[in-house]
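Data from query-v2.txt: compact mmCIF, C-alpha atoms and all ligand atoms
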# COMPACT_ATOMS: atom_id res chain seq x y z
CA MET A 1 22.62 22.44 -20.37
CA SER A 2 20.57 20.65 -17.72
CA GLN A 3 21.99 19.79 -14.33
CA PHE A 4 21.26 16.04 -14.65
CA LYS A 5 20.76 13.55 -17.45
CA VAL A 6 18.27 10.71 -16.98
CA ILE A 7 18.46 8.04 -19.68
CA VAL A 8 15.59 5.73 -20.64
CA THR A 9 17.28 2.52 -21.85
CA ASP A 10 14.37 1.17 -23.91
CA ASP A 11 11.43 3.09 -25.30
CA ARG A 12 8.02 1.54 -24.63
CA PHE A 13 5.87 4.64 -24.01
CA LYS A 14 4.39 7.20 -26.36
CA SER A 15 5.63 10.14 -24.33
CA TYR A 16 7.71 10.93 -21.25
CA LYS A 17 5.62 13.82 -19.94
CA GLU A 18 5.16 12.30 -16.46
CA GLU A 19 8.89 11.74 -16.03
CA GLU A 20 9.69 15.25 -17.29
CA ASP A 21 7.09 16.80 -14.97
CA VAL A 22 8.60 15.06 -11.93
CA LEU A 23 12.22 15.71 -12.88
CA LYS A 24 11.95 19.38 -13.83
CA GLU A 25 12.19 20.19 -10.11
CA ILE A 26 15.91 19.32 -10.28
CA ASP A 27 16.50 20.51 -13.84
CA ALA A 28 17.01 16.99 -15.21
CA GLU A 29 16.58 16.17 -18.88
CA VAL A 30 15.15 12.85 -20.07
CA GLU A 31 16.95 11.23 -23.00
CA VAL A 32 15.27 8.24 -24.62
CA HIS A 33 17.15 5.37 -26.28
CA ASN A 34 16.48 1.92 -27.64
CA LEU A 35 19.65 0.15 -26.65
CA GLU A 36 20.42 -3.07 -28.43
CA THR A 37 24.00 -4.12 -27.87
CA GLU A 38 26.08 -4.03 -24.70
CA GLN A 39 28.72 -1.98 -26.51
CA GLU A 40 26.13 0.64 -27.37
CA ALA A 41 24.89 0.65 -23.76
CA ILE A 42 28.38 1.21 -22.39
CA LYS A 43 28.90 4.16 -24.74
CA VAL A 44 25.48 5.80 -24.30
CA LEU A 45 25.04 5.32 -20.54
CA ARG A 46 28.41 6.81 -19.58
CA SER A 47 26.92 10.29 -19.27
CA ALA A 48 23.80 9.24 -17.30
CA ASP A 49 23.12 10.41 -13.74
CA ALA A 50 20.21 7.99 -13.52
CA LEU A 51 18.57 5.25 -15.61
CA LEU A 52 14.95 4.40 -16.23
CA VAL A 53 14.81 0.78 -17.39
CA ASN A 54 11.90 -1.05 -18.91
CA LEU A 55 12.73 -4.52 -20.30
CA TYR A 56 16.31 -3.89 -21.35
CA PRO A 57 18.64 -6.50 -19.75
CA LEU A 58 21.08 -4.34 -17.81
CA LYS A 59 24.02 -6.65 -17.15
CA GLY A 60 27.00 -6.31 -14.81
CA LYS A 61 29.43 -5.39 -17.59
CA ALA A 62 27.46 -2.27 -18.56
CA ILE A 63 26.73 -1.38 -14.93
CA LYS A 64 30.45 -1.48 -14.03
CA LYS A 65 31.13 1.10 -16.74
CA LEU A 66 28.57 3.62 -15.45
CA SER A 67 30.73 6.46 -14.31
CA GLN A 68 28.26 8.88 -12.68
CA CYS A 69 24.96 6.99 -12.40
CA ARG A 70 23.40 7.01 -8.92
CA VAL A 71 20.14 5.13 -9.42
CA ILE A 72 18.62 2.54 -11.74
CA SER A 73 14.84 2.75 -11.55
CA ARG A 74 12.87 -0.10 -13.13
CA TYR A 75 9.43 0.53 -14.61
CA GLY A 76 7.56 -2.29 -12.87
CA VAL A 77 7.34 -4.69 -9.94
CA GLY A 78 10.01 -7.26 -10.91
CA TYR A 79 13.66 -6.35 -11.48
CA ASP A 80 15.22 -9.58 -12.76
CA ASN A 81 16.55 -7.82 -15.88
CA VAL A 82 18.86 -5.67 -13.74
CA ASP A 83 22.04 -7.08 -12.17
CA VAL A 84 21.37 -5.84 -8.64
CA GLU A 85 24.57 -7.31 -7.23
CA ALA A 86 26.69 -5.42 -9.75
CA ALA A 87 24.77 -2.21 -9.02
CA THR A 88 25.23 -2.61 -5.27
CA SER A 89 28.98 -3.20 -5.69
CA ALA A 90 29.14 -0.04 -7.81
CA GLY A 91 27.28 1.92 -5.11
CA ILE A 92 24.21 2.44 -7.32
CA TRP A 93 20.67 2.28 -5.97
CA VAL A 94 18.22 -0.06 -7.71
CA ALA A 95 14.55 0.85 -7.36
CA ARG A 96 11.20 -0.44 -8.65
CA VAL A 97 7.46 0.34 -8.53
CA PRO A 98 5.66 -2.39 -6.59
CA ASP A 99 2.21 -0.84 -6.21
CA TYR A 100 0.97 0.82 -9.40
CA SER A 101 -1.49 -1.80 -10.62
CA PHE A 102 -3.35 -3.51 -7.78
CA GLU A 103 -6.55 -1.62 -8.73
CA ASP A 104 -6.21 -2.79 -12.32
CA VAL A 105 -5.31 -6.45 -11.72
CA SER A 106 -8.20 -6.75 -9.25
CA ASP A 107 -10.52 -5.21 -11.89
CA GLN A 108 -9.23 -7.82 -14.34
CA ALA A 109 -9.82 -10.69 -11.90
CA LEU A 110 -13.35 -9.44 -11.28
CA ALA A 111 -14.03 -9.04 -15.01
CA LEU A 112 -12.77 -12.57 -15.73
CA LEU A 113 -14.85 -14.00 -12.90
CA LEU A 114 -18.05 -12.22 -13.95
CA GLY A 115 -17.37 -13.22 -17.57
CA CYS A 116 -17.13 -16.87 -16.49
CA ILE A 117 -20.19 -16.71 -14.22
CA ARG A 118 -22.45 -15.03 -16.79
CA LYS A 119 -20.76 -16.80 -19.78
CA ILE A 120 -20.50 -13.50 -21.64
CA PRO A 121 -17.68 -14.33 -24.12
CA TYR A 122 -19.27 -17.72 -24.87
CA LYS A 123 -22.68 -16.15 -25.56
CA ASP A 124 -21.13 -13.36 -27.60
CA ARG A 125 -19.41 -15.93 -29.85
CA ARG A 126 -22.58 -18.00 -30.32
CA ILE A 127 -24.77 -14.98 -31.03
CA ARG A 128 -22.38 -13.74 -33.71
CA GLU A 129 -22.74 -17.19 -35.32
CA GLY A 130 -26.53 -16.76 -35.34
CA GLY A 131 -27.34 -18.45 -32.04
CA TRP A 132 -30.03 -17.38 -29.56
CA ASN A 133 -31.74 -18.82 -26.47
CA LEU A 134 -28.49 -20.39 -25.31
CA LYS A 135 -29.43 -21.10 -21.73
CA ASP A 136 -29.60 -24.89 -21.98
CA GLU A 137 -26.05 -25.36 -23.25
CA GLN A 138 -24.30 -23.56 -20.42
CA PRO A 139 -26.37 -23.01 -17.31
CA VAL A 140 -25.70 -19.81 -15.37
CA HIS A 141 -25.83 -19.76 -11.57
CA ARG A 142 -26.61 -16.81 -9.32
CA ILE A 143 -23.74 -15.23 -7.36
CA LYS A 144 -25.74 -14.61 -4.18
CA GLY A 145 -24.96 -17.23 -1.54
CA ARG A 146 -21.77 -18.51 -3.19
CA THR A 147 -18.32 -18.91 -1.62
CA LEU A 148 -15.20 -17.21 -2.93
CA GLY A 149 -11.71 -18.54 -2.13
CA LEU A 150 -8.70 -16.24 -2.37
CA ILE A 151 -5.24 -17.79 -2.55
CA GLY A 152 -2.91 -15.00 -1.40
CA TYR A 153 -4.22 -11.95 0.45
CA GLY A 154 -1.74 -9.20 -0.43
CA ALA A 155 -2.39 -5.94 -2.30
CA ILE A 156 -4.39 -7.51 -5.15
CA GLY A 157 -6.21 -10.20 -3.17
CA LYS A 158 -7.40 -7.65 -0.59
CA THR A 159 -8.51 -5.12 -3.21
CA PHE A 160 -10.36 -7.82 -5.13
CA HIS A 161 -12.14 -8.82 -1.90
CA LYS A 162 -13.26 -5.22 -1.30
CA LYS A 163 -14.57 -4.88 -4.84
CA ILE A 164 -16.56 -8.11 -4.82
CA SER A 165 -18.09 -7.51 -1.40
CA GLY A 166 -21.33 -6.02 -2.70
CA LEU A 167 -22.31 -9.07 -4.76
CA GLY A 168 -24.01 -11.14 -2.05
CA LEU A 169 -21.41 -13.84 -1.46
CA ALA A 170 -22.12 -16.02 1.58
CA ARG A 171 -18.45 -16.55 2.52
CA VAL A 172 -14.99 -15.43 1.52
CA LEU A 173 -12.24 -17.93 2.38
CA VAL A 174 -8.57 -16.95 2.39
CA TYR A 175 -5.51 -19.18 2.23
CA ASP A 176 -2.43 -17.11 3.00
CA PRO A 177 -0.10 -18.76 5.53
CA ILE A 178 2.08 -15.67 5.82
CA ILE A 179 -0.29 -12.95 7.00
CA GLU A 180 -1.94 -12.90 10.40
CA HIS A 181 -5.37 -14.50 10.73
CA ASN A 182 -6.89 -11.51 12.52
CA ILE A 183 -6.12 -9.28 9.50
CA ILE A 184 -8.17 -11.67 7.37
CA ARG A 185 -10.99 -11.87 9.94
CA GLU A 186 -11.14 -8.10 10.43
CA ALA A 187 -11.60 -7.73 6.66
CA GLY A 188 -14.67 -10.00 6.85
CA ALA A 189 -13.09 -13.19 5.48
CA GLU A 190 -12.26 -16.59 6.98
CA PRO A 191 -8.66 -17.82 7.17
CA VAL A 192 -8.63 -21.47 6.10
CA ASP A 193 -6.13 -24.15 5.11
CA PHE A 194 -5.42 -24.87 1.46
CA ASP A 195 -7.49 -28.04 1.32
CA THR A 196 -10.59 -26.37 2.81
CA LEU A 197 -10.31 -23.54 0.32
CA LEU A 198 -10.10 -25.97 -2.60
CA LYS A 199 -13.04 -28.08 -1.38
CA GLU A 200 -15.46 -25.38 -0.24
CA SER A 201 -15.05 -22.55 -2.77
CA ASP A 202 -17.33 -21.99 -5.75
CA TYR A 203 -14.95 -19.41 -7.16
CA ILE A 204 -11.18 -19.50 -6.64
CA SER A 205 -8.91 -16.58 -7.49
CA ILE A 206 -5.11 -16.84 -7.30
CA HIS A 207 -3.04 -13.86 -6.05
CA VAL A 208 0.30 -15.29 -4.89
CA PRO A 209 3.80 -14.38 -6.06
CA LEU A 210 5.70 -16.96 -8.10
CA ASN A 211 8.34 -18.65 -5.96
CA ASP A 212 9.56 -22.18 -5.17
CA GLU A 213 6.55 -22.83 -2.94
CA THR A 214 3.87 -21.53 -5.28
CA ARG A 215 5.24 -22.90 -8.58
CA GLY A 216 2.74 -25.54 -9.68
CA MET A 217 0.68 -25.20 -6.47
CA ILE A 218 -2.50 -25.88 -8.48
CA GLY A 219 -2.12 -29.13 -10.42
CA GLU A 220 -4.26 -32.16 -11.14
CA LYS A 221 -4.56 -33.22 -7.49
CA GLU A 222 -5.70 -29.76 -6.38
CA ILE A 223 -8.16 -29.38 -9.27
CA PHE A 224 -9.72 -32.75 -8.40
CA ARG A 225 -10.40 -31.44 -4.89
CA MET A 226 -12.43 -28.52 -6.27
CA LYS A 227 -16.20 -28.55 -6.71
CA ARG A 228 -17.39 -29.72 -10.13
CA ASP A 229 -18.88 -26.31 -10.82
CA ALA A 230 -15.89 -24.35 -9.50
CA ILE A 231 -14.61 -21.36 -11.46
CA LEU A 232 -10.87 -20.73 -11.33
CA ILE A 233 -9.29 -17.32 -12.00
CA ASN A 234 -5.56 -16.72 -12.39
CA THR A 235 -4.12 -13.23 -12.74
CA SER A 236 -0.92 -13.98 -10.77
CA ARG A 237 1.75 -15.89 -12.73
CA GLY A 238 1.15 -18.67 -15.25
CA GLN A 239 3.53 -21.13 -13.62
CA VAL A 240 1.51 -21.22 -10.41
CA LEU A 241 -1.03 -23.30 -12.32
CA ARG A 242 -0.28 -26.53 -14.22
CA GLU A 243 -1.83 -25.63 -17.57
CA LYS A 244 -2.10 -29.20 -18.91
CA ALA A 245 -3.97 -30.33 -15.80
CA LEU A 246 -6.29 -27.35 -16.11
CA TYR A 247 -6.91 -28.03 -19.80
CA ASN A 248 -7.82 -31.68 -19.07
CA ALA A 249 -10.13 -30.65 -16.23
CA LEU A 250 -11.91 -28.03 -18.35
CA LYS A 251 -12.27 -30.40 -21.29
CA GLU A 252 -13.69 -33.18 -19.13
CA GLY A 253 -15.97 -30.80 -17.23
CA ARG A 254 -14.18 -31.52 -13.94
CA ILE A 255 -14.61 -27.84 -13.13
CA ASN A 256 -16.94 -25.30 -14.67
CA SER A 257 -14.62 -22.75 -16.25
CA ALA A 258 -11.51 -20.63 -15.89
CA GLY A 259 -10.40 -17.06 -16.54
CA LEU A 260 -6.69 -16.63 -17.25
CA ASP A 261 -4.58 -13.51 -17.70
CA VAL A 262 -1.24 -15.33 -17.32
CA PHE A 263 0.22 -18.47 -18.85
CA GLU A 264 3.11 -20.90 -18.43
CA LYS A 265 4.51 -19.61 -21.72
CA GLU A 266 3.83 -16.07 -22.94
CA PRO A 267 2.69 -15.07 -25.47
CA LEU A 268 0.31 -18.02 -25.33
CA PRO A 269 1.53 -20.38 -28.12
CA GLY A 270 -0.62 -20.45 -31.25
CA ASP A 271 -1.22 -24.18 -30.82
CA SER A 272 -2.17 -24.01 -27.13
CA PRO A 273 -5.16 -26.35 -26.66
CA LEU A 274 -6.68 -23.76 -24.29
CA ARG A 275 -7.61 -21.79 -27.42
CA THR A 276 -10.01 -24.57 -28.44
CA LEU A 277 -12.13 -24.55 -25.27
CA ASP A 278 -15.37 -22.64 -24.82
CA ASN A 279 -15.20 -22.68 -21.02
CA VAL A 280 -12.07 -20.60 -20.62
CA ILE A 281 -11.64 -16.83 -20.98
CA LEU A 282 -8.19 -15.73 -22.10
CA SER A 283 -6.58 -12.33 -21.69
CA ASP A 284 -3.10 -11.25 -22.70
CA HIS A 285 -1.29 -10.58 -19.39
CA THR A 286 -2.57 -7.01 -19.38
CA GLY A 287 -4.23 -7.11 -15.97
CA PHE A 288 -1.75 -4.44 -14.87
CA TYR A 289 -2.78 -2.09 -17.64
CA SER A 290 -5.04 0.94 -17.61
CA GLU A 291 -4.23 4.44 -18.82
CA GLU A 292 -4.20 5.47 -15.16
CA SER A 293 -1.86 2.69 -14.00
CA ILE A 294 0.70 3.64 -16.65
CA VAL A 295 0.67 7.29 -15.49
CA GLU A 296 1.20 6.05 -11.91
CA LEU A 297 4.02 3.73 -13.00
CA LYS A 298 5.87 6.44 -14.93
CA THR A 299 5.42 9.03 -12.17
CA LYS A 300 6.61 6.67 -9.42
CA ALA A 301 9.60 5.40 -11.43
CA ALA A 302 10.67 9.03 -11.96
CA ARG A 303 10.16 9.85 -8.26
CA ASN A 304 12.64 7.11 -7.35
CA VAL A 305 15.16 8.97 -9.50
CA LEU A 306 14.18 12.39 -8.13
CA GLU A 307 14.73 11.37 -4.51
CA VAL A 308 18.21 9.98 -5.18
CA LEU A 309 19.36 12.91 -7.30
CA LYS A 310 18.15 15.22 -4.53
CA GLY A 311 20.51 13.39 -2.17
CA GLY A 312 18.09 10.94 -0.54
CA LYS A 313 17.10 7.32 -1.19
CA PRO A 314 14.54 5.89 -3.62
CA ILE A 315 10.93 5.57 -2.49
CA TYR A 316 10.95 1.86 -3.37
CA PRO A 317 14.55 0.62 -3.02
CA VAL A 318 15.55 -2.90 -4.01
CA ASN A 319 19.09 -2.73 -2.57
CA GLN A 320 21.00 -0.75 0.06
CA VAL A 321 24.05 1.29 -0.87
P1 LIG A 401 1.61 -9.14 -2.67
O1 LIG A 401 3.05 -9.45 -2.40
O2 LIG A 401 1.03 -7.87 -2.19
O3 LIG A 401 0.69 -10.33 -2.09
C1 LIG A 401 1.00 -11.67 -2.27
C2 LIG A 401 0.36 -12.45 -1.10
O4 LIG A 401 0.60 -13.84 -1.33
C3 LIG A 401 0.98 -12.09 0.26
O5 LIG A 401 -0.04 -11.72 1.17
C4 LIG A 401 1.67 -13.37 0.67
O6 LIG A 401 1.60 -13.57 2.08
C5 LIG A 401 0.87 -14.42 -0.06
N1 LIG A 401 1.61 -15.67 -0.26
C6 LIG A 401 2.94 -15.83 -0.46
N2 LIG A 401 3.22 -17.14 -0.59
C7 LIG A 401 2.05 -17.80 -0.45
C8 LIG A 401 1.70 -19.19 -0.49
N3 LIG A 401 2.61 -20.14 -0.68
N4 LIG A 401 0.40 -19.51 -0.32
C9 LIG A 401 -0.55 -18.55 -0.14
N5 LIG A 401 -0.27 -17.23 -0.06
C10 LIG A 401 1.01 -16.86 -0.23
O7 LIG A 401 1.45 -9.31 -4.26
P2 LIG A 401 0.33 -8.66 -5.18
O8 LIG A 401 0.77 -7.30 -5.59
O9 LIG A 401 -1.01 -8.86 -4.55
O10 LIG A 401 0.48 -9.60 -6.48
C11 LIG A 401 -0.07 -10.89 -6.52
C12 LIG A 401 0.29 -11.57 -7.82
O11 LIG A 401 -0.18 -10.81 -8.95
C13 LIG A 401 1.80 -11.76 -8.08
O12 LIG A 401 2.00 -13.04 -8.65
C14 LIG A 401 2.12 -10.76 -9.14
O13 LIG A 401 3.21 -11.19 -9.92
C15 LIG A 401 0.82 -10.77 -9.95
N6 LIG A 401 0.63 -9.58 -10.79
C16 LIG A 401 0.05 -9.77 -12.01
C17 LIG A 401 -0.17 -8.69 -12.85
C18 LIG A 401 -0.86 -8.87 -14.16
O14 LIG A 401 -0.73 -7.99 -15.03
N7 LIG A 401 -1.64 -9.93 -14.34
C19 LIG A 401 0.26 -7.41 -12.45
C20 LIG A 401 0.84 -7.24 -11.19
C21 LIG A 401 1.02 -8.34 -10.35
In structure tokens, how does this file's structure come out?
Amino acid sequence: MSQFKVIVTDDRFKSYKEEEDVLKEIDAEVEVHNLETEQEAIKVLRSADALLVNLYPLKGKAIKKLSQCRVISRYGVGYDNVDVEAATSAGIWVARVPDYSFEDVSDQALALLLGCIRKIPYKDRRIREGGWNLKDEQPVHRIKGRTLGLIGYGAIGKTFHKKISGLGLARVLVYDPIIEHNIIREAGAEPVDFDTLLKESDYISIHVPLNDETRGMIGEKEIFRMKRDAILINTSRGQVLREKALYNALKEGRINSAGLDVFEKEPLPGDSPLRTLDNVILSDHTGFYSEESIVELKTKAARNVLEVLKGGKPIYPVNQV
């Protein structure tokens, strides 16, 4: 029998090799479940020394009944499906993985932006229908000399900036009221206020967290401040952007186009009017995904468990016990 039992509450991966590789150091076995009811959770999780949680809603009632669990490690950045207060009261660490996908989300933002600039999905659709020589319908403009505006300059915003730096942009503007201006300047960008960013950018990419201040921060008023040929990219959270205002602006040609990985409601409803527009590129909130990011996520989630079962604290703790 192994020394420790680590239970996966809900199975969303093809294999658990990464977790097993990390946890073999302490002779821990990984047991995978697909919990459905709270009753089942209470029964199954009783013997767990640690939990790896994907989307399963781990409520206070089940947490209180954990008799030997020392850490709940969430696969991902957010942890709203885990009752952290209940875990803290029970003396159980809660941990997460905040940094596994900034390379991938910044790749996605860049891909969406280049797709909008060069009109690739639009041209692909028309060519499949028999079209050719499409240049008059949707003019393409050169990147060199253009201005990029980044809203939010954290892990993803910064990485995106680095990646786009070789494309000949004239200026990179950053609106991020929380980080110091000299960090932005040293990276070769200009710290600006929100209004300047909206008015002077040709391309705008959003990289803020969703909170009370950022919810709906781009609505009709903000879109009307943008240039008529502005391209707007959102890989952050759907609710940062007022979708109806964006739809109206795209339909009326108030801005050039948009690339969206995230939506107010997900999955994007079948009758969403965004599906009818040619000047928007849609992706399915998979900016975080690459084969490599998933390996990183699984390895880091397991390392949180490893550190606690070895007697230490998680690498990325959410609470203090
Ligand atoms: P981060 O915390 O590293 O950076 C966020 C930045 O936003 C910080 O620099 C912060 O100072 C800034 N900020 C906060 N409030 C602001 C405001 N009101 N105005 C302007 N700037 C503000 O986060 P990150 O890892 O770069 O993630 C950015 C976004 O990407 C988040 O919304 C996250 O949920 C999202 N995300 C999406 C995917 C996906 O699959 N599409 C995956 C991971 C993360």
Fill in: Of the listed residues A:Ile117, A:Ile42, A:Ala230, A:Ile92, that which approaches Ser73 in chain A most closely, counting all atoms listed in the file
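Ranked by minimum distance to Ser73 in chain A, first place goes to A:Ile92.
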Discussion item. If we count only C-alpha atoms and set the cut-off at 10 Å, which residues sit around Leu66 in chain A, ignoring sequence neighbours fewer than 3 positions away in its own chain? Please answer as a ChimeraX atom specification.
Written reply: /A:41-50,61-63,69-70,87,90,92
Discussion item. Distance cut-off 8 Å, centre (-6.2, -19.7, -18.9) in file coordinates, counting only C-alpha atoms: which residues qualify? Return them as a ChimeraX atom specification.
Written reply: /A:233-234,243,258-263,274,280-283
Item to complete: Kindly compile the residues surrounding ligand LIG 401 (chain A) within 9 Å, counting only C-alpha atoms and all ligand atoms, and format them as a PyMOL selection string.
Response: chain A and resi 76-78+98-102+104-106+108-109+150-159+174-179+194+206-215+217+234-238+240+260-262+284-289
Worksheet item: Counting all atoms listed in the file, which of A:Lys119, A:His181, A:Arg128, A:Lys65 gets nearest to Ser257 in chain A?
Response: A:Lys119
Worksheet entry | Point-to-point distance from CA of Val22 in chain A to CA of Ala302 in chain A, Å rounded to tenths |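 One can read the CA of Val22 in chain A to CA of Ala302 in chain A distance as 6.4 Å.
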Quick one: what's the axis-aligned box for range 20-25 of chain A, all listed atoms, 3 Å on every side, centre and edges in Å to one decimal, as JSON?
{"center_x": 9.7, "center_y": 17.6, "center_z": -13.7, "size_x": 11.1, "size_y": 11.1, "size_z": 13.2}
Worksheet item: Counting only C-alpha atoms, which of A:Leu297, A:Leu148, A:Ile223, A:Ala170 gets nearest to Val192 in chain A?
Response: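 Ranked by minimum distance to Val192 in chain A, first place goes to A:Leu148.
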Worksheet entry | Selected residue of minimal separation from Arg96 in chain A among A:Val71, A:Met1, A:Leu110, A:Leu198, counting only C-alpha atoms |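 For Arg96 in chain A, the nearest of the candidates is A:Val71.
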Discussion item. As an exercise, work out the distance from CA of Lys244 in chain A to CA of Cys116 in chain A in Å and give it to one decimal place.
Written reply: 19.6 Å
Worksheet entry | Point-to-point distance in Å for CA of Gly115 in chain A and CA of Glu264 in chain A | 21.9 Å
Discussion item. Would you pick out the contacts of Glu31 in chain A at 10 Å or less, using all atoms listed in the file, so that residues sharing its chain but fewer than 6 positions from it are not included, and give the list as a ChimeraX atom specification?
Written reply: /A:5-9,16,48,51-52
Discussion item. With all atoms listed in the file as the counted atoms, please give the residues lying no more than 9 Å from Asp11 in chain A, apart from itself and same-chain residues fewer than 2 positions off, as a ChimeraX atom specification.
Written reply: /A:8-9,13-14,32-35,53-54
Worksheet item: Quick one: of A:Glu103, A:Ser201, A:Glu129, A:Val82, who's nearest to Glu291 in chain A, counting all atoms listed in the file?
Response: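 Closest residue, counting all atoms listed in the file: A:Glu103.
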Item to complete: Might you pull out every residue within 7 Å of Arg146 in chain A, with only C-alpha atoms counted and same-chain residues fewer than 6 positions away left off, and present them as a ChimeraX atom specification?
Response: /A:169-171,202
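Shortest atom-to-atom contact with Glu200 in chain A among A:Gly149, A:Gly312, A:Pro317, A:Pro269: A:Gly149, counting only C-alpha atoms.
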Working from the structure I just supplied, which lacks atoms in range 193-206 of chain A, can you model N, CA, C and O atoms there and output them as a PDB file, in the frame of the given file?
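This went into result_17.pdb:
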ATOM      1  N   ASP A 193      -7.274 -23.471   5.711  1.00  0.00           N
ATOM      2  CA  ASP A 193      -6.130 -24.150   5.110  1.00  0.00           C
ATOM      3  C   ASP A 193      -6.402 -24.376   3.624  1.00  0.00           C
ATOM      4  O   ASP A 193      -7.520 -24.192   3.144  1.00  0.00           O
ATOM      5  N   PHE A 194      -5.357 -24.764   2.923  1.00  0.00           N
ATOM      6  CA  PHE A 194      -5.420 -24.870   1.460  1.00  0.00           C
ATOM      7  C   PHE A 194      -6.505 -25.855   1.022  1.00  0.00           C
ATOM      8  O   PHE A 194      -7.301 -25.577   0.119  1.00  0.00           O
ATOM      9  N   ASP A 195      -6.546 -26.997   1.710  1.00  0.00           N
ATOM     10  CA  ASP A 195      -7.490 -28.040   1.320  1.00  0.00           C
ATOM     11  C   ASP A 195      -8.938 -27.578   1.480  1.00  0.00           C
ATOM     12  O   ASP A 195      -9.783 -27.825   0.610  1.00  0.00           O
ATOM     13  N   THR A 196      -9.223 -26.878   2.584  1.00  0.00           N
ATOM     14  CA  THR A 196     -10.590 -26.370   2.810  1.00  0.00           C
ATOM     15  C   THR A 196     -10.971 -25.387   1.720  1.00  0.00           C
ATOM     16  O   THR A 196     -12.083 -25.414   1.182  1.00  0.00           O
ATOM     17  N   LEU A 197     -10.025 -24.519   1.382  1.00  0.00           N
ATOM     18  CA  LEU A 197     -10.310 -23.540   0.320  1.00  0.00           C
ATOM     19  C   LEU A 197     -10.657 -24.253  -0.984  1.00  0.00           C
ATOM     20  O   LEU A 197     -11.653 -23.926  -1.637  1.00  0.00           O
ATOM     21  N   LEU A 198      -9.858 -25.270  -1.329  1.00  0.00           N
ATOM     22  CA  LEU A 198     -10.100 -25.970  -2.600  1.00  0.00           C
ATOM     23  C   LEU A 198     -11.464 -26.671  -2.582  1.00  0.00           C
ATOM     24  O   LEU A 198     -12.202 -26.644  -3.563  1.00  0.00           O
ATOM     25  N   LYS A 199     -11.812 -27.272  -1.447  1.00  0.00           N
ATOM     26  CA  LYS A 199     -13.040 -28.080  -1.380  1.00  0.00           C
ATOM     27  C   LYS A 199     -14.309 -27.252  -1.268  1.00  0.00           C
ATOM     28  O   LYS A 199     -15.362 -27.629  -1.752  1.00  0.00           O
ATOM     29  N   GLU A 200     -14.223 -26.097  -0.576  1.00  0.00           N
ATOM     30  CA  GLU A 200     -15.460 -25.380  -0.240  1.00  0.00           C
ATOM     31  C   GLU A 200     -15.754 -24.159  -1.103  1.00  0.00           C
ATOM     32  O   GLU A 200     -16.820 -23.563  -0.984  1.00  0.00           O
ATOM     33  N   SER A 201     -14.824 -23.774  -1.975  1.00  0.00           N
ATOM     34  CA  SER A 201     -15.050 -22.550  -2.770  1.00  0.00           C
ATOM     35  C   SER A 201     -15.796 -22.845  -4.067  1.00  0.00           C
ATOM     36  O   SER A 201     -15.534 -23.848  -4.740  1.00  0.00           O
ATOM     37  N   ASP A 202     -16.696 -21.928  -4.418  1.00  0.00           N
ATOM     38  CA  ASP A 202     -17.330 -21.990  -5.750  1.00  0.00           C
ATOM     39  C   ASP A 202     -16.475 -21.255  -6.768  1.00  0.00           C
ATOM     40  O   ASP A 202     -16.431 -21.624  -7.930  1.00  0.00           O
ATOM     41  N   TYR A 203     -15.847 -20.175  -6.298  1.00  0.00           N
ATOM     42  CA  TYR A 203     -14.950 -19.410  -7.160  1.00  0.00           C
ATOM     43  C   TYR A 203     -13.600 -19.352  -6.457  1.00  0.00           C
ATOM     44  O   TYR A 203     -13.547 -19.105  -5.250  1.00  0.00           O
ATOM     45  N   ILE A 204     -12.531 -19.569  -7.222  1.00  0.00           N
ATOM     46  CA  ILE A 204     -11.180 -19.500  -6.640  1.00  0.00           C
ATOM     47  C   ILE A 204     -10.353 -18.518  -7.464  1.00  0.00           C
ATOM     48  O   ILE A 204     -10.306 -18.614  -8.692  1.00  0.00           O
ATOM     49  N   SER A 205      -9.723 -17.559  -6.771  1.00  0.00           N
ATOM     50  CA  SER A 205      -8.910 -16.580  -7.490  1.00  0.00           C
ATOM     51  C   SER A 205      -7.498 -16.585  -6.888  1.00  0.00           C
ATOM     52  O   SER A 205      -7.332 -16.511  -5.668  1.00  0.00           O
ATOM     53  N   ILE A 206      -6.494 -16.676  -7.755  1.00  0.00           N
ATOM     54  CA  ILE A 206      -5.110 -16.840  -7.300  1.00  0.00           C
ATOM     55  C   ILE A 206      -4.363 -15.501  -7.321  1.00  0.00           C
ATOM     56  O   ILE A 206      -4.337 -14.827  -8.352  1.00  0.00           O
TER      57      ILE A 206
END
